[in-house]
$ cat target.csv   # CSV, C-alpha atoms
chain,number,residue,atom,x,y,z
A,1,MET,CA,-2.1,-45.7,4.2
A,2,ALA,CA,1.4,-47.0,4.8
A,3,ASP,CA,1.0,-49.6,2.1
A,4,GLY,CA,0.4,-46.9,-0.5
A,5,GLY,CA,-3.4,-47.4,-0.7
A,6,THR,CA,-5.9,-44.6,-0.8
A,7,PRO,CA,-7.5,-43.8,2.4
A,8,PRO,CA,-11.2,-44.1,1.5
A,9,GLY,CA,-12.7,-41.5,3.8
A,10,GLY,CA,-10.1,-40.4,6.3
A,11,PHE,CA,-6.9,-40.9,8.1
A,12,THR,CA,-5.6,-40.1,11.6
A,13,ILE,CA,-2.6,-38.1,12.6
A,14,ARG,CA,-1.0,-38.6,16.0
A,15,ALA,CA,1.5,-36.1,17.4
A,16,PHE,CA,2.5,-35.5,21.0
A,17,GLY,CA,0.0,-38.1,22.0
A,18,VAL,CA,-2.9,-36.3,20.4
A,19,ASP,CA,-5.0,-38.0,17.7
A,20,VAL,CA,-6.4,-35.8,14.9
A,21,PRO,CA,-8.7,-37.5,12.4
A,22,VAL,CA,-8.9,-35.9,9.0
A,23,VAL,CA,-11.8,-36.7,6.7
A,24,ARG,CA,-12.3,-36.1,3.0
A,25,GLY,CA,-14.7,-33.3,2.1
A,26,PRO,CA,-17.4,-34.1,-0.4
A,27,GLU,CA,-15.8,-32.1,-3.2
A,28,CYS,CA,-12.3,-33.3,-2.6
A,29,PRO,CA,-10.9,-35.6,-5.3
A,30,ALA,CA,-9.9,-39.0,-3.9
A,31,GLN,CA,-6.5,-38.7,-5.6
A,32,ASP,CA,-5.7,-35.4,-3.9
A,33,PHE,CA,-6.9,-36.7,-0.6
A,34,ALA,CA,-4.5,-39.7,-0.9
A,35,ARG,CA,-1.7,-37.3,-1.7
A,36,VAL,CA,-2.4,-35.2,1.4
A,37,ALA,CA,-2.7,-38.4,3.5
A,38,ARG,CA,0.7,-39.4,2.3
A,39,THR,CA,2.3,-36.1,3.4
A,40,TRP,CA,1.2,-37.0,6.9
A,41,GLU,CA,2.5,-40.5,7.0
A,42,GLY,CA,5.3,-39.4,9.3
A,43,CYS,CA,2.6,-38.8,12.0
A,44,SER,CA,0.8,-42.1,11.6
A,45,PRO,CA,-0.5,-43.5,15.0
A,46,ASP,CA,1.1,-46.5,16.5
A,47,PRO,CA,-1.9,-48.8,16.8
A,48,ALA,CA,-0.4,-50.6,19.8
A,49,ARG,CA,-0.6,-47.4,21.9
A,50,GLU,CA,-3.6,-45.3,22.9
A,51,PRO,CA,-3.6,-41.6,22.4
A,52,ARG,CA,-3.8,-39.4,25.5
A,53,TYR,CA,-6.4,-37.3,23.7
A,54,ALA,CA,-8.5,-37.3,20.5
A,55,VAL,CA,-10.1,-34.3,18.9
A,56,PRO,CA,-13.1,-34.2,16.6
A,57,PRO,CA,-12.3,-34.7,12.9
A,58,LEU,CA,-11.0,-31.9,10.7
A,59,THR,CA,-12.1,-31.8,7.1
A,60,TYR,CA,-9.8,-31.5,4.1
A,61,THR,CA,-11.8,-29.9,1.4
A,62,GLY,CA,-9.4,-30.3,-1.5
A,63,PRO,CA,-7.2,-28.0,-3.6
A,64,LEU,CA,-8.4,-24.6,-4.7
A,65,PRO,CA,-9.7,-24.3,-8.3
A,66,ASP,CA,-6.3,-22.8,-9.4
A,67,GLY,CA,-4.5,-25.9,-8.1
A,68,SER,CA,-3.1,-24.1,-5.1
A,69,ASP,CA,-2.2,-26.2,-2.1
A,70,ALA,CA,-3.2,-23.4,0.3
A,71,VAL,CA,-5.9,-25.5,1.9
A,72,ALA,CA,-3.5,-28.3,2.8
A,73,VAL,CA,-1.0,-25.7,4.1
A,74,ASP,CA,-3.7,-24.2,6.3
A,75,LEU,CA,-4.8,-27.7,7.5
A,76,SER,CA,-1.2,-28.3,8.5
A,77,SER,CA,-1.1,-25.2,10.6
A,78,GLU,CA,-4.5,-26.0,12.2
A,79,ILE,CA,-3.3,-29.5,13.0
A,80,THR,CA,-0.1,-28.1,14.6
A,81,ARG,CA,-2.1,-25.8,16.8
A,82,THR,CA,-4.4,-28.6,17.8
A,83,VAL,CA,-1.8,-31.1,18.8
A,84,ILE,CA,0.1,-28.4,20.7
A,85,ASP,CA,-3.0,-27.2,22.4
A,86,HIS,CA,-3.9,-30.7,23.7
A,87,ALA,CA,-0.4,-32.1,24.4
A,88,ASP,CA,0.4,-33.5,27.9
A,89,PRO,CA,1.2,-30.6,30.2
A,90,ALA,CA,4.1,-32.7,31.7
A,91,TRP,CA,5.9,-32.4,28.3
A,92,VAL,CA,8.0,-29.5,27.3
A,93,LEU,CA,7.3,-28.4,23.8
A,94,PHE,CA,10.0,-26.3,22.2
A,95,HIS,CA,9.7,-24.3,19.0
A,96,ALA,CA,12.7,-26.2,17.7
A,97,ALA,CA,14.1,-28.3,14.9
A,98,GLY,CA,15.0,-31.8,16.0
A,99,LEU,CA,17.6,-34.2,14.7
A,100,ALA,CA,18.7,-37.6,16.1
A,101,HIS,CA,21.5,-40.1,15.3
A,102,PRO,CA,19.9,-42.7,13.0
A,103,VAL,CA,21.2,-45.6,15.1
A,104,THR,CA,21.7,-44.5,18.7
A,105,GLY,CA,18.8,-42.1,18.9
A,106,VAL,CA,20.9,-39.5,20.5
A,107,ALA,CA,19.0,-36.3,19.8
A,108,ALA,CA,19.2,-32.5,20.0
A,109,ALA,CA,16.7,-29.8,20.0
A,110,PHE,CA,17.7,-26.7,18.0
A,111,VAL,CA,15.6,-23.9,19.5
A,112,ALA,CA,15.0,-20.7,17.6
A,113,ALA,CA,12.3,-18.3,16.6
A,114,SER,CA,10.5,-18.6,13.3
A,115,GLY,CA,12.5,-17.6,10.3
A,116,THR,CA,15.9,-18.0,11.9
A,117,GLY,CA,17.2,-21.3,10.6
A,118,LYS,CA,15.3,-24.2,12.1
A,119,SER,CA,13.7,-25.5,8.9
A,120,THR,CA,16.9,-25.0,6.8
A,121,LEU,CA,18.9,-26.9,9.4
A,122,ALA,CA,16.4,-29.7,9.8
A,123,ARG,CA,15.9,-30.2,6.0
A,124,THR,CA,19.6,-30.0,5.2
A,125,TRP,CA,20.9,-32.2,7.9
A,126,GLY,CA,17.8,-34.4,8.2
A,127,ARG,CA,19.1,-36.2,5.1
A,128,THR,CA,22.2,-37.3,7.1
A,129,TYR,CA,20.7,-37.6,10.6
A,130,ARG,CA,17.2,-38.8,11.5
A,131,TYR,CA,14.8,-36.0,11.0
A,132,LEU,CA,12.5,-35.3,14.0
A,133,SER,CA,10.9,-32.0,13.2
A,134,ASP,CA,11.5,-28.6,11.6
A,135,GLU,CA,8.9,-26.9,13.9
A,136,THR,CA,8.3,-28.4,17.3
A,137,VAL,CA,9.8,-31.1,19.5
A,138,GLY,CA,8.2,-32.5,22.6
A,139,ILE,CA,10.3,-33.7,25.5
A,140,ASP,CA,8.5,-36.0,27.9
A,141,PRO,CA,9.4,-36.4,31.6
A,142,HIS,CA,11.8,-39.3,30.8
A,143,GLY,CA,13.8,-37.2,28.4
A,144,VAL,CA,12.5,-38.9,25.3
A,145,VAL,CA,12.2,-36.6,22.4
A,146,HIS,CA,9.1,-36.8,20.4
A,147,GLY,CA,9.3,-35.4,16.9
A,148,TYR,CA,6.6,-34.0,14.7
A,149,ALA,CA,7.2,-35.0,11.1
A,150,ARG,CA,4.4,-32.9,9.6
A,151,PRO,CA,4.4,-32.2,5.9
A,152,LEU,CA,7.3,-30.0,4.7
A,153,VAL,CA,5.8,-26.7,3.5
A,154,MET,CA,7.9,-25.2,0.7
A,155,ARG,CA,7.9,-23.6,-2.7
A,156,VAL,CA,8.4,-26.0,-5.6
A,157,GLY,CA,10.0,-24.7,-8.7
A,158,GLU,CA,8.6,-21.4,-10.0
A,159,GLU,CA,5.3,-21.7,-8.1
A,160,THR,CA,4.3,-18.6,-6.1
A,161,GLY,CA,2.5,-20.6,-3.5
A,162,LYS,CA,3.8,-23.2,-1.1
A,163,ARG,CA,3.1,-26.9,-1.3
A,164,THR,CA,2.9,-29.7,1.3
A,165,LEU,CA,5.4,-32.5,0.7
A,166,ALA,CA,5.9,-35.8,2.3
A,167,PRO,CA,9.0,-35.6,4.6
A,168,ALA,CA,10.0,-39.2,3.7
A,169,ASP,CA,10.7,-37.9,0.1
A,170,HIS,CA,13.1,-35.3,1.3
A,171,VAL,CA,14.6,-36.2,4.7
A,172,ARG,CA,15.5,-39.3,6.7
A,173,VAL,CA,12.4,-40.1,8.7
A,174,GLY,CA,12.8,-43.0,11.1
A,175,SER,CA,11.2,-44.6,14.1
A,176,GLY,CA,12.2,-45.7,17.6
A,177,PRO,CA,12.9,-43.6,20.6
A,178,ALA,CA,15.2,-40.5,20.6
A,179,TYR,CA,16.9,-39.3,23.7
A,180,LEU,CA,17.6,-35.7,24.5
A,181,SER,CA,21.3,-35.0,24.7
A,182,ALA,CA,21.6,-31.3,23.8
A,183,ILE,CA,19.5,-28.2,23.8
A,184,VAL,CA,21.0,-25.8,21.3
A,185,LEU,CA,20.1,-22.1,20.9
A,186,LEU,CA,20.5,-21.3,17.2
A,187,THR,CA,22.0,-18.0,16.2
A,188,ARG,CA,22.3,-17.8,12.4
A,189,THR,CA,23.5,-14.4,11.1
A,190,THR,CA,24.9,-13.3,7.7
A,191,ASP,CA,27.9,-11.9,9.5
A,192,GLY,CA,28.3,-14.9,11.9
A,193,PRO,CA,31.5,-16.8,12.2
A,194,ALA,CA,32.6,-18.7,9.1
A,195,GLN,CA,33.4,-21.6,11.3
A,196,PRO,CA,30.5,-22.5,13.6
A,197,VAL,CA,31.0,-21.7,17.3
A,198,LEU,CA,29.4,-23.8,20.0
A,199,GLU,CA,29.5,-22.3,23.5
A,200,GLY,CA,27.8,-22.8,26.8
A,201,VAL,CA,25.0,-20.5,28.0
A,202,PRO,CA,24.4,-19.8,31.7
A,203,THR,CA,21.2,-21.4,33.0
A,204,LEU,CA,19.1,-18.3,33.7
A,205,ALA,CA,20.1,-16.7,30.4
A,206,ALA,CA,19.2,-19.9,28.6
A,207,ILE,CA,15.8,-20.1,30.2
A,208,MET,CA,15.1,-16.5,29.4
A,209,GLU,CA,15.7,-17.4,25.7
A,210,LEU,CA,13.9,-20.7,25.9
A,211,VAL,CA,10.7,-19.2,27.4
A,212,PRO,CA,9.4,-17.4,24.3
A,213,GLN,CA,10.0,-20.6,22.3
A,214,THR,CA,8.1,-22.8,24.7
A,215,SER,CA,4.5,-23.6,24.2
A,216,TYR,CA,2.1,-23.1,27.1
A,217,LEU,CA,4.9,-22.6,29.6
A,218,ALA,CA,2.5,-21.8,32.4
A,219,ARG,CA,0.7,-25.1,32.2
A,220,ILE,CA,3.9,-27.0,32.9
A,221,PRO,CA,4.1,-27.7,36.7
A,222,ARG,CA,6.8,-25.5,38.2
A,223,PRO,CA,8.0,-24.6,34.7
A,224,LEU,CA,11.2,-22.8,35.6
A,225,HIS,CA,12.4,-25.7,37.7
A,226,ARG,CA,11.5,-28.1,34.9
A,227,MET,CA,13.5,-26.1,32.5
A,228,ALA,CA,16.5,-26.0,34.8
A,229,GLN,CA,16.2,-29.8,35.3
A,230,LEU,CA,16.1,-30.3,31.6
A,231,LEU,CA,19.1,-28.1,31.0
A,232,GLU,CA,21.0,-29.9,33.8
A,233,SER,CA,20.2,-33.3,32.2
A,234,VAL,CA,22.0,-32.3,29.0
A,235,GLY,CA,24.9,-30.4,30.7
A,236,GLY,CA,23.4,-27.0,30.1
A,237,ALA,CA,22.2,-25.1,27.0
A,238,GLN,CA,24.6,-24.3,24.2
A,239,ARG,CA,24.6,-21.5,21.7
A,240,LEU,CA,25.4,-22.4,18.1
A,241,SER,CA,26.5,-19.3,16.1
A,242,TYR,CA,27.0,-19.8,12.4
A,243,ARG,CA,26.7,-18.3,9.0
A,244,ASN,CA,26.2,-21.2,6.6
A,245,VAL,CA,24.2,-24.3,7.5
A,246,GLN,CA,26.4,-26.4,5.2
A,247,SER,CA,29.3,-25.8,7.7
A,248,LEU,CA,27.6,-27.5,10.6
A,249,GLY,CA,28.8,-31.1,9.9
A,250,PRO,CA,31.6,-31.2,12.5
A,251,VAL,CA,29.4,-29.6,15.2
A,252,LEU,CA,26.6,-32.0,14.6
A,253,THR,CA,29.0,-34.9,14.8
A,254,SER,CA,30.2,-33.6,18.2
A,255,LEU,CA,26.5,-33.2,19.4
A,256,LEU,CA,25.0,-36.4,17.9
A,257,GLY,CA,27.8,-38.6,16.9
A,258,ASP,CA,29.2,-39.7,13.6
A,259,PRO,CA,26.2,-40.7,11.4
A,260,ALA,CA,28.3,-42.9,9.1
B,1,MET,CA,2.5,-0.9,59.5
B,2,THR,CA,2.4,-2.0,55.9
B,3,ARG,CA,3.4,-5.5,55.2
B,4,TYR,CA,4.4,-7.1,51.9
B,5,VAL,CA,4.1,-10.6,50.5
B,6,ALA,CA,5.4,-12.2,47.3
B,7,SER,CA,3.1,-14.2,45.1
B,8,VAL,CA,4.7,-16.0,42.2
B,9,ALA,CA,3.9,-19.2,40.2
B,10,ASP,CA,7.5,-20.3,40.3
B,11,HIS,CA,10.8,-19.0,41.6
B,12,LEU,CA,14.1,-20.4,40.4
B,13,VAL,CA,17.3,-19.3,42.1
B,14,VAL,CA,20.7,-20.0,40.5
B,15,GLU,CA,23.9,-18.6,42.0
B,16,GLY,CA,22.1,-15.7,43.7
B,17,ASP,CA,20.1,-14.3,40.9
B,18,SER,CA,16.7,-15.8,40.0
B,19,LEU,CA,13.8,-16.0,37.6
B,20,VAL,CA,10.2,-15.7,38.7
B,21,LEU,CA,7.1,-16.6,36.8
B,22,VAL,CA,4.2,-14.2,37.4
B,23,ASP,CA,1.2,-13.7,35.1
B,24,ASN,CA,2.7,-15.8,32.4
B,25,GLN,CA,5.8,-13.6,32.3
B,26,VAL,CA,9.3,-14.5,33.4
B,27,VAL,CA,11.2,-11.8,35.2
B,28,TRP,CA,15.0,-11.9,36.0
B,29,LEU,CA,15.7,-10.7,39.6
B,30,SER,CA,19.0,-9.4,40.9
B,31,ALA,CA,20.5,-11.0,44.0
B,32,VAL,CA,18.9,-8.4,46.3
B,33,ALA,CA,15.5,-8.7,44.7
B,34,THR,CA,15.9,-12.5,44.8
B,35,GLU,CA,16.4,-12.3,48.6
B,36,ILE,CA,13.5,-10.0,49.1
B,37,VAL,CA,11.1,-12.2,47.2
B,38,ALA,CA,12.4,-15.3,48.9
B,39,PHE,CA,11.9,-13.6,52.3
B,40,LEU,CA,8.4,-12.5,51.5
B,41,THR,CA,6.9,-15.9,51.5
B,42,GLU,CA,4.8,-14.5,54.4
B,43,PRO,CA,3.8,-10.9,55.0
B,44,ARG,CA,6.8,-8.8,56.3
B,45,THR,CA,7.5,-5.2,56.9
B,46,VAL,CA,10.2,-3.1,55.3
B,47,ALA,CA,12.1,-3.1,58.5
B,48,GLN,CA,12.1,-6.9,58.6
B,49,ALA,CA,13.2,-7.1,55.0
B,50,CYS,CA,16.1,-4.7,55.7
B,51,GLU,CA,17.1,-6.8,58.7
B,52,HIS,CA,17.1,-9.9,56.6
B,53,LEU,CA,19.2,-8.3,53.9
B,54,VAL,CA,21.8,-7.1,56.4
B,55,GLU,CA,22.0,-10.7,57.7
B,56,ILE,CA,22.6,-12.0,54.1
B,57,PHE,CA,24.8,-9.3,52.6
B,58,GLY,CA,26.3,-7.7,55.7
B,59,GLU,CA,26.1,-4.2,57.3
B,60,PRO,CA,26.0,-1.6,54.6
B,61,ALA,CA,27.8,1.8,54.7
B,62,ASP,CA,24.5,3.6,54.4
B,63,PRO,CA,21.0,2.8,55.5
B,64,ILE,CA,19.2,0.5,53.0
B,65,VAL,CA,15.6,1.5,53.8
B,66,ASP,CA,15.3,3.7,50.6
B,67,LEU,CA,16.8,0.9,48.5
B,68,VAL,CA,14.5,-1.7,49.9
B,69,GLU,CA,11.4,0.5,49.4
B,70,ASP,CA,12.5,1.2,45.9
B,71,LYS,CA,12.9,-2.5,45.2
B,72,LEU,CA,9.5,-3.2,46.7
B,73,ARG,CA,7.9,-0.6,44.5
B,74,THR,CA,9.5,-2.2,41.4
B,75,LEU,CA,8.4,-5.6,42.5
B,76,ILE,CA,4.9,-4.4,43.1
B,77,ASP,CA,4.8,-2.8,39.7
B,78,GLN,CA,5.9,-6.1,38.2
B,79,GLY,CA,3.1,-8.0,40.0
B,80,ILE,CA,5.6,-10.0,42.0
B,81,VAL,CA,4.9,-8.5,45.5
B,82,ALA,CA,1.7,-7.1,46.9
B,83,GLU,CA,0.8,-5.0,49.9
B,84,VAL,CA,-1.1,-6.8,52.5
B,85,ALA,CA,-4.1,-5.2,54.0
B,86,GLU,CA,-3.7,-5.0,57.8
B,87,VAL,CA,-6.4,-5.9,60.2
B,88,GLU,CA,-6.4,-3.4,63.0
B,89,GLY,CA,-4.6,-4.7,66.1
B,90,SER,CA,-3.1,-7.6,64.3
B,91,GLY,CA,0.1,-6.0,63.3
B,92,LYS,CA,3.3,-6.5,65.3
B,93,GLU,CA,6.8,-5.3,64.8
$ encode --input "target.csv" --output "structure tokens"
Amino acid sequence: MADGGTPPGGFTIRAFGVDVPVVRGPECPAQDFARVARTWEGCSPDPAREPRYAVPPLTYTGPLPDGSDAVAVDLSSEITRTVIDHADPAWVLFHAAGLAHPVTGVAAAFVAASGTGKSTLARTWGRTYRYLSDETVGIDPHGVVHGYARPLVMRVGEETGKRTLAPADHVRVGSGPAYLSAIVLLTRTTDGPAQPVLEGVPTLAAIMELVPQTSYLARIPRPLHRMAQLLESVGGAQRLSYRNVQSLGPVLTSLLGDPA
Amino acid sequence: MTRYVASVADHLVVEGDSLVLVDNQVVWLSAVATEIVAFLTEPRTVAQACEHLVEIFGEPADPIVDLVEDKLRTLIDQGIVAEVAEVEGSGKE
């Protein structure tokens, strides 16, 4: 798949240690299957490492007769649910965008609810920094941040429906470990400060905000203590209040380092 | 004599206040509620809880029995504390 070849019958996605095979439905054109496979290249398994879990294959049945990419969009959602469902309970999975310094691997998780700026931040600054995810980041017990470079789902041109796109065509997808150095609570508002403000958040207040954005909190052993340890390891949570994502350059430099 | 015991999945105390995890919900507790929950790791009476709070926070101007009973009712409603059924003759003050 990585060499640009067409996967004959299927490909495998790995995220958060979970393998999800995807097979081509009998009616699916080979060319479209290859396109979808390419959108998932950011989640190709490392053959040198075993998955912690593997689920039965999912089937991609191909585009709808009107050319809509809705099936691939739905498949992306199903794969996301699947990998989160079966992730290691020792990992903390935040509903967050993730960025890392392209050389040092210094990484930050930008935690926020859906529709409040994660994707815009990740896609805008994922061209400058290493893009980890616009959806979910996993943090293992060693503080290593695991991204989830699923296909980008966005509208293209004047189309009414959304399409799945290969992250590598739009953002800077890299490899190698990324290390958590900041947990940032995003607060983007139209009347937010013109100059972004980054400020500390007390531990309990931060955890109260993080909990709704944490997958399967109750399956994490002593989850509140784990959250507190995680926050302590990065010097506490920070809140980033801003109005315009383009204004975040200096803040990201302070969090992740100069990407130049 | 009714006794009470706390039952939570996790209890994180930071600078007096705390968070508890109970039934997949996280609840923020005040300093007084935090001390009550921490004290009720084994079944205790209201009188014992009052005595413990006085040790922690000092002698109040007014009796705190009503306050403690009120806190316990709230904690019971939140599923954090439960009444313990007494076996006849097993209670002691």
$ atom_distance --input "target.csv" --atom1 "CA of Gly98 (chain A)" --atom2 "CA of Tyr129 (chain A)"
9.8 Å
$ atom_distance --input "target.csv" --atom1 "CA of Val83 (chain A)" --atom2 "CA of Thr39 (chain A)"
16.7 Å
$ interface_residues --input "target.csv" --of "chain A" --to "chain B" --cutoff "8 Å" --atoms "all atoms listed in the file" --output "NGL selection string"
:A and (203-204 or 208 or 211 or 217-218 or 222-225)
$ write_last_selection --input "target.csv" --atoms "C-alpha atoms" --output "mmCIF file, keeping the file's coordinate frame"
data_model
loop_
_atom_site.group_PDB
_atom_site.id
_atom_site.type_symbol
_atom_site.label_atom_id
_atom_site.label_comp_id
_atom_site.auth_asym_id
_atom_site.auth_seq_id
_atom_site.Cartn_x
_atom_site.Cartn_y
_atom_site.Cartn_z
ATOM 1 C CA THR A 203 21.200 -21.400 33.000
ATOM 2 C CA LEU A 204 19.100 -18.300 33.700
ATOM 3 C CA MET A 208 15.100 -16.500 29.400
ATOM 4 C CA VAL A 211 10.700 -19.200 27.400
ATOM 5 C CA LEU A 217 4.900 -22.600 29.600
ATOM 6 C CA ALA A 218 2.500 -21.800 32.400
ATOM 7 C CA ARG A 222 6.800 -25.500 38.200
ATOM 8 C CA PRO A 223 8.000 -24.600 34.700
ATOM 9 C CA LEU A 224 11.200 -22.800 35.600
ATOM 10 C CA HIS A 225 12.400 -25.700 37.700
#
$ atom_distance --input "target.csv" --atom1 "CA of Pro177 (chain A)" --atom2 "CA of Thr164 (chain A)"
25.8 Å
$ closest_residue --input "target.csv" --among "B:Val37, B:Ala47, B:Glu55, B:Met1" --to "Glu69 (chain B)" --atoms "only C-alpha atoms"
B:Ala47
$ residues_around --input "target.csv" --residues "Ile80 (chain B)" --least-positions-apart "5" --cutoff "7 Å" --atoms "all atoms listed in the file" --output "list in words"
Ala6, Ser7, Val8, Val22 and Leu75 of chain B
$ closest_residue --input "target.csv" --among "A:Val156, A:Ala205, A:Leu252, A:Leu230" --to "Ser68 (chain A)" --atoms "only C-alpha atoms"
A:Val156
$ closest_residue --input "target.csv" --among "A:Met227, A:Leu240, A:Leu58, A:Val171" --to "Gly192 (chain A)" --atoms "only C-alpha atoms"
A:Leu240
$ residues_around --input "target.csv" --residues "Val46 (chain B)" --least-positions-apart "5" --cutoff "8 Å" --atoms "all atoms listed in the file" --output "list of chain:residue names"
B:Thr2, B:Arg3, B:Tyr4, B:Val65, B:Val68, B:Glu69
$ write_last_selection --input "target.csv" --atoms "C-alpha atoms" --output "CSV table (one decimal), in the frame of the given file"
chain,number,residue,atom,x,y,z
B,2,THR,CA,2.4,-2.0,55.9
B,3,ARG,CA,3.4,-5.5,55.2
B,4,TYR,CA,4.4,-7.1,51.9
B,65,VAL,CA,15.6,1.5,53.8
B,68,VAL,CA,14.5,-1.7,49.9
B,69,GLU,CA,11.4,0.5,49.4
$ closest_residue --input "target.csv" --among "A:Gly42, A:Gly115, A:Pro151, A:Gly17" --to "Leu75 (chain A)" --atoms "only C-alpha atoms"
A:Pro151
$ closest_residue --input "target.csv" --among "B:Gly16, B:Gly79, B:Pro60, B:Pro43" --to "Ser30 (chain B)" --atoms "all atoms listed in the file"
B:Gly16
$ residues_around --input "target.csv" --residues "Arg127 (chain A)" --least-positions-apart "6" --cutoff "10 Å" --atoms "all atoms listed in the file" --output "list in words"
Leu99, Ala168, Asp169, His170, Val171, Arg172 and Val173 of chain A
